[in-house]
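Read through the structure below, which is laid out as C-alpha cells, and then see the notes.
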Amino acid sequence: MATPTASATREWLQPSNRPEIIDTLISGVDRYNPSNVGILEDYLYHQTRTNEYDCLANLAILKLYQFNTVLYNADVVVNILLKALTATPSPDFNLCMALLSEKIPPSGDEADSEHDPATLLPILSTLSRHLQECQFPAFWRLYQDDSLAYLRENFTVEVLGFEDGIREVVVRAVKSTFTKIGVARLGSYLNLSGDALEDFINNVGWSLDANTGTVTIPPNPDNTVQPTIIRETITLPRKCFALVPMSPHSTVELSRLIAHAT
C-alpha cells in the first residue's frame with residue numbers, strides 16, 4: 001500500500017483531474033511549443049474557477065514565458081503564484097519564481113502604474129515567506145493591508161477558495177506540531193473568530209473546550225512522540241577475541257581489542 005507521501009507525490013506529478021490533452025502536452029516536446037500557451041493558460045483559468053491545482057502545467061506556462069518573453073502575461077503569472085501559495089509548504093512557489101526572469105517585462109499601459117501586476121511579485125514573495133516560516137498572523141496582516149486592495153479585488157477574488165486554501169496550509173502546520181492549542185492563538189493563525197472559528201474547528205475534526213479555551217488536535221504520526229528503538233547487530237570473528245586476553249581491570253587491553261577488531 002502506498003504511503004501518504006508517495007500518494008501526494010504521485011498526485012503532484014499527475015493530478016487525477018488533469019485532462020488527457022494537458023497530460024500529453026506537458027509530457028512531450030510540445031510543452032516548448034509557444035502556440036500551446038493559450039491551451040495552458042485556459043487550463044490555469046479552469047484551475048482558479050474549480051479549486052483544482054496542477055503545478056507542472058503551470059510551470060510549463062512560465063517556461064514558455066522564459067523562452068518567449070513576448071508571450072509574458074503578468075496577470076497569468078500572479079494567478080500561478082497565488083495557486084502556488086496554497087500548496088505551502090511544498091516548494092511550488094519557489095519553483096515558479098526560479099523560472100521568472102529578474103527583468104520582468106512591463107505590463108503594457110500599466111507599466112508606470114501602481115496597479116501594474118508585475119509590482120505584486122515582491123509582495124507575493126513576502127507572503128510566501130510568512131507562510132513558509134509559519135508566521136500566519138503576519139501573513140494575514142499584510143494580506144489585508146489597504147495597500148493590497150488591488151490584489152484582493154482583482155486577483156484573489158477570482159481564485160476560488162484562496163483564503164480557505166491558505167487556512168488549509170495553517171491546518172497542515174498546526175496538526176503536525178500541536179496536540180493542544182489556545183483557541184485565540186488558533187484564531188489568529190486562521191484569521192477567524194466567533195462562530196466562524198468554532199465551525200471551522202468542528203469541520204476539521206478538532207474539539208474545543210469552551211471552559212479552558214483549548215483546542216485539542218487528534219493524535220497523528222507527526223504530533224505524537226513515539227520512542228524509536230534502533231537495534232544494530234555487529235558480528236565479530238571469534239579469533240578477534242582470542243588474540244587479546246580480556247581483563248576487566250585493564251582498559252589498555254580492552255582498547256587494544258577494540259582497535260584490533262576494527
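Identifiers for the C-alpha cells are assigned positionally: chains receive A, B, ... in sequence, residues are indexed from 1 per chain, and ligands are indexed from 1 in the order shown.
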
Who sits within 9 Å of Cys55 (chain A), only C-alpha atoms, same chain under 5 positions skipped, as a PyMOL selection string: chain A and resi 12-13+60+80+83-84+92+96

Put those residues in a file: N, CA and C atoms, as a compact mmCIF listing (two decimals), in the first residue's frame.
# COMPACT_ATOMS: atom_id res chain seq x y z
N TRP A 12 0.94 15.10 -7.22
CA TRP A 12 1.61 16.33 -7.65
C TRP A 12 2.13 16.18 -9.08
N LEU A 13 2.70 15.00 -9.37
CA LEU A 13 3.25 14.76 -10.71
C LEU A 13 2.16 14.62 -11.76
N ALA A 60 4.93 24.86 -16.86
CA ALA A 60 5.12 24.83 -18.32
C ALA A 60 4.80 26.20 -18.92
N ILE A 80 -0.78 32.18 -11.15
CA ILE A 80 0.03 30.98 -10.91
C ILE A 80 0.65 31.03 -9.52
N LYS A 83 -1.93 30.37 -6.75
CA LYS A 83 -2.23 28.95 -6.61
C LYS A 83 -1.08 28.23 -5.90
N ALA A 84 0.15 28.65 -6.19
CA ALA A 84 1.31 28.02 -5.56
C ALA A 84 1.35 28.31 -4.06
N ASP A 92 6.53 24.76 -4.36
CA ASP A 92 5.98 25.17 -5.65
C ASP A 92 6.23 26.65 -5.94
N CYS A 96 8.30 28.27 -9.13
CA CYS A 96 7.74 29.25 -10.07
C CYS A 96 8.63 30.49 -10.16

task: Could you give me, as JSON, numbers by chain, the residues within 8 Å of Leu142 (chain A), counting only C-alpha atoms and dropping anything in the same chain fewer than 4 positions from it?
output: {"A": [127, 138, 148]}

Residue neighbourhood region 43-49 of chain A, 8 Å, only C-alpha atoms, exclusion window fewer than 5 positions, as a PDB file with C-alpha atoms, in the first residue's frame:
ATOM      1  CA  ASP A  54      -1.656  21.404 -11.380  1.00  0.00           C
ATOM      2  CA  ASN A  58       1.634  25.994 -14.536  1.00  0.00           C
ATOM      3  CA  ASN A  79      -2.602  33.716 -10.682  1.00  0.00           C
ATOM      4  CA  ILE A  80       0.034  30.980 -10.913  1.00  0.00           C
ATOM      5  CA  LYS A  83      -2.226  28.951  -6.606  1.00  0.00           C
ATOM      6  CA  GLU A 158     -11.098  35.351  -8.855  1.00  0.00           C
ATOM      7  CA  VAL A 159      -9.271  32.369  -7.327  1.00  0.00           C
ATOM      8  CA  LEU A 160     -11.968  30.143  -5.891  1.00  0.00           C
TER       9      LEU A 160
END

- prompt: Which residue out of A:Leu82, A:Cys134, A:Ala118, A:Ala196 has the minimum interatomic distance to Gly165 (chain A) when only C-alpha atoms are used?
  reply: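 Nearest to Gly165 (chain A): A:Leu82.
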
- request: Considering only C-alpha atoms, return as a ChimeraX atom specification whatever protein or nucleic-acid residues lie within 12 Å of Tyr32 (chain A), sequence-local ones (same chain, fewer than 5 positions apart) excluded.
  value: /A:25-27,37,40,57,59-68

- request: Apply DSSP to the backbone of this structure and, from region 58-254 of chain A, keep only the residues in strand (DSSP E); write these as a PyMOL selection string.
  value: chain A and resi 180-182+207-209+214-216

Can you write out the residues you just picked, keeping N, CA and C atoms, as a tab-separated table (two decimals), in the first residue's frame?
chain	number	residue	atom	x	y	z
A	180	LYS	N	-2.47	20.33	21.53
A	180	LYS	CA	-3.41	21.29	22.10
A	180	LYS	C	-2.92	22.69	21.76
A	181	ILE	N	-3.87	23.59	21.51
A	181	ILE	CA	-3.53	24.97	21.19
A	181	ILE	C	-4.66	25.87	21.66
A	182	GLY	N	-4.31	27.06	22.15
A	182	GLY	CA	-5.31	28.01	22.60
A	182	GLY	C	-6.19	28.47	21.44
A	207	SER	N	-11.55	19.40	18.50
A	207	SER	CA	-12.53	19.65	19.56
A	207	SER	C	-12.12	20.87	20.38
A	208	LEU	N	-13.11	21.66	20.76
A	208	LEU	CA	-12.89	22.88	21.52
A	208	LEU	C	-13.49	22.74	22.91
A	209	ASP	N	-12.67	22.97	23.92
A	209	ASP	CA	-13.14	23.01	25.31
A	209	ASP	C	-13.45	24.47	25.63
A	214	THR	N	-9.31	25.75	24.98
A	214	THR	CA	-8.25	24.93	24.39
A	214	THR	C	-8.81	24.07	23.27
A	215	VAL	N	-8.09	24.03	22.18
A	215	VAL	CA	-8.46	23.18	21.06
A	215	VAL	C	-7.57	21.95	21.07
A	216	THR	N	-8.18	20.77	20.99
A	216	THR	CA	-7.44	19.52	21.00
A	216	THR	C	-7.37	18.95	19.59

task: Could you give me the residues within region 53-235 of chain A that DSSP places in helix (DSSP H, G or I), as a VMD selection string?
output: chain A and resid 55 to 67 69 to 71 74 to 85 92 to 98 108 to 110 117 to 132 136 to 143 146 to 154 156 to 158 162 to 175 183 to 190 194 to 203

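Note that CA of Asn17 (chain A) and CA of Asn33 (chain A) are 23.2 Å apart.
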
Pick out the residues sitting within 8 Å of Val78 (chain A), and hand them over as a CSV table (one decimal) with C-alpha atoms, in the first residue's frame; count only C-alpha atoms, and ignore anything fewer than 2 positions along from it in its own chain.
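To be explicit, this is the file written out as around39.csv:
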chain,number,residue,atom,x,y,z
A,74,ALA,CA,1.6,39.4,-15.7
A,75,ASP,CA,-2.0,38.6,-14.8
A,76,VAL,CA,-1.4,34.9,-15.5
A,80,ILE,CA,0.0,31.0,-10.9
A,81,LEU,CA,1.8,32.3,-7.8
A,82,LEU,CA,-1.5,32.6,-5.9
A,117,PRO,CA,0.5,43.3,-11.7
A,118,ALA,CA,4.3,42.9,-12.1
A,120,LEU,CA,2.9,42.3,-6.9
A,121,LEU,CA,5.7,39.8,-7.3
A,155,PHE,CA,-6.9,38.5,-8.3

- request: Check the smallest atom-to-atom distance from each of A:Phe162, A:Arg167, A:Leu85, A:Glu11 to Ser128 (chain A) using only C-alpha atoms, then report the winner.
  value: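 Once distances to Ser128 (chain A) are computed over only C-alpha atoms, the minimum belongs to A:Leu85.
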
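If you measure from each of A:Ser7, A:Pro91, A:Glu20, A:Gly161 to Thr50 (chain A) using only C-alpha atoms, the closest one turns out to be A:Gly161.
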
message: Need the shell around Thr179 (chain A): protein/DNA/RNA residues with any atom at most 12 Å away, counting only C-alpha atoms. Skip same-chain ones fewer than 3 positions apart. Format as a list in words?
response: Ala173, Val174, Lys175, Ser176, Gly182, Trp206, Ser207, Thr214, Val215, Thr216, Ile217, Pro218, Pro219, Asn220, Pro221, Asp222, Asn223, Thr224 and Val225 of chain A

Selection from above, C-alpha atoms, as a PDB file, in the first residue's frame, can you write it?
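out.pdb, written as the output of this step:
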ATOM      1  CA  ALA A 173       1.203  23.078  10.093  1.00  0.00           C
ATOM      2  CA  VAL A 174      -0.867  23.034  13.287  1.00  0.00           C
ATOM      3  CA  LYS A 175      -1.822  19.370  13.203  1.00  0.00           C
ATOM      4  CA  SER A 176       1.799  18.351  12.650  1.00  0.00           C
ATOM      5  CA  GLY A 182      -5.313  28.007  22.596  1.00  0.00           C
ATOM      6  CA  TRP A 206     -10.850  19.024  16.204  1.00  0.00           C
ATOM      7  CA  SER A 207     -12.531  19.651  19.564  1.00  0.00           C
ATOM      8  CA  THR A 214      -8.252  24.930  24.395  1.00  0.00           C
ATOM      9  CA  VAL A 215      -8.462  23.180  21.057  1.00  0.00           C
ATOM     10  CA  THR A 216      -7.442  19.517  21.002  1.00  0.00           C
ATOM     11  CA  ILE A 217      -5.932  18.044  17.843  1.00  0.00           C
ATOM     12  CA  PRO A 218      -6.273  14.254  17.465  1.00  0.00           C
ATOM     13  CA  PRO A 219      -3.030  12.254  17.565  1.00  0.00           C
ATOM     14  CA  ASN A 220      -1.288  11.651  14.262  1.00  0.00           C
ATOM     15  CA  PRO A 221       2.194  10.428  13.282  1.00  0.00           C
ATOM     16  CA  ASP A 222       3.537  13.994  13.191  1.00  0.00           C
ATOM     17  CA  ASN A 223       2.319  15.352  16.547  1.00  0.00           C
ATOM     18  CA  THR A 224       2.778  12.177  18.580  1.00  0.00           C
ATOM     19  CA  VAL A 225       6.110  11.434  20.214  1.00  0.00           C
TER      20      VAL A 225
END

task: May I ask for the distance between CA of Arg172 (chain A) and CA of Tyr53 (chain A), given in Å to one decimal place?
output: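 Straight-line distance from CA of Arg172 (chain A) to CA of Tyr53 (chain A) works out to 17.2 Å.
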
CA of Ser193 (chain A) to CA of Leu124 (chain A), distance in Å rounded to a single decimal: 25.2 Å
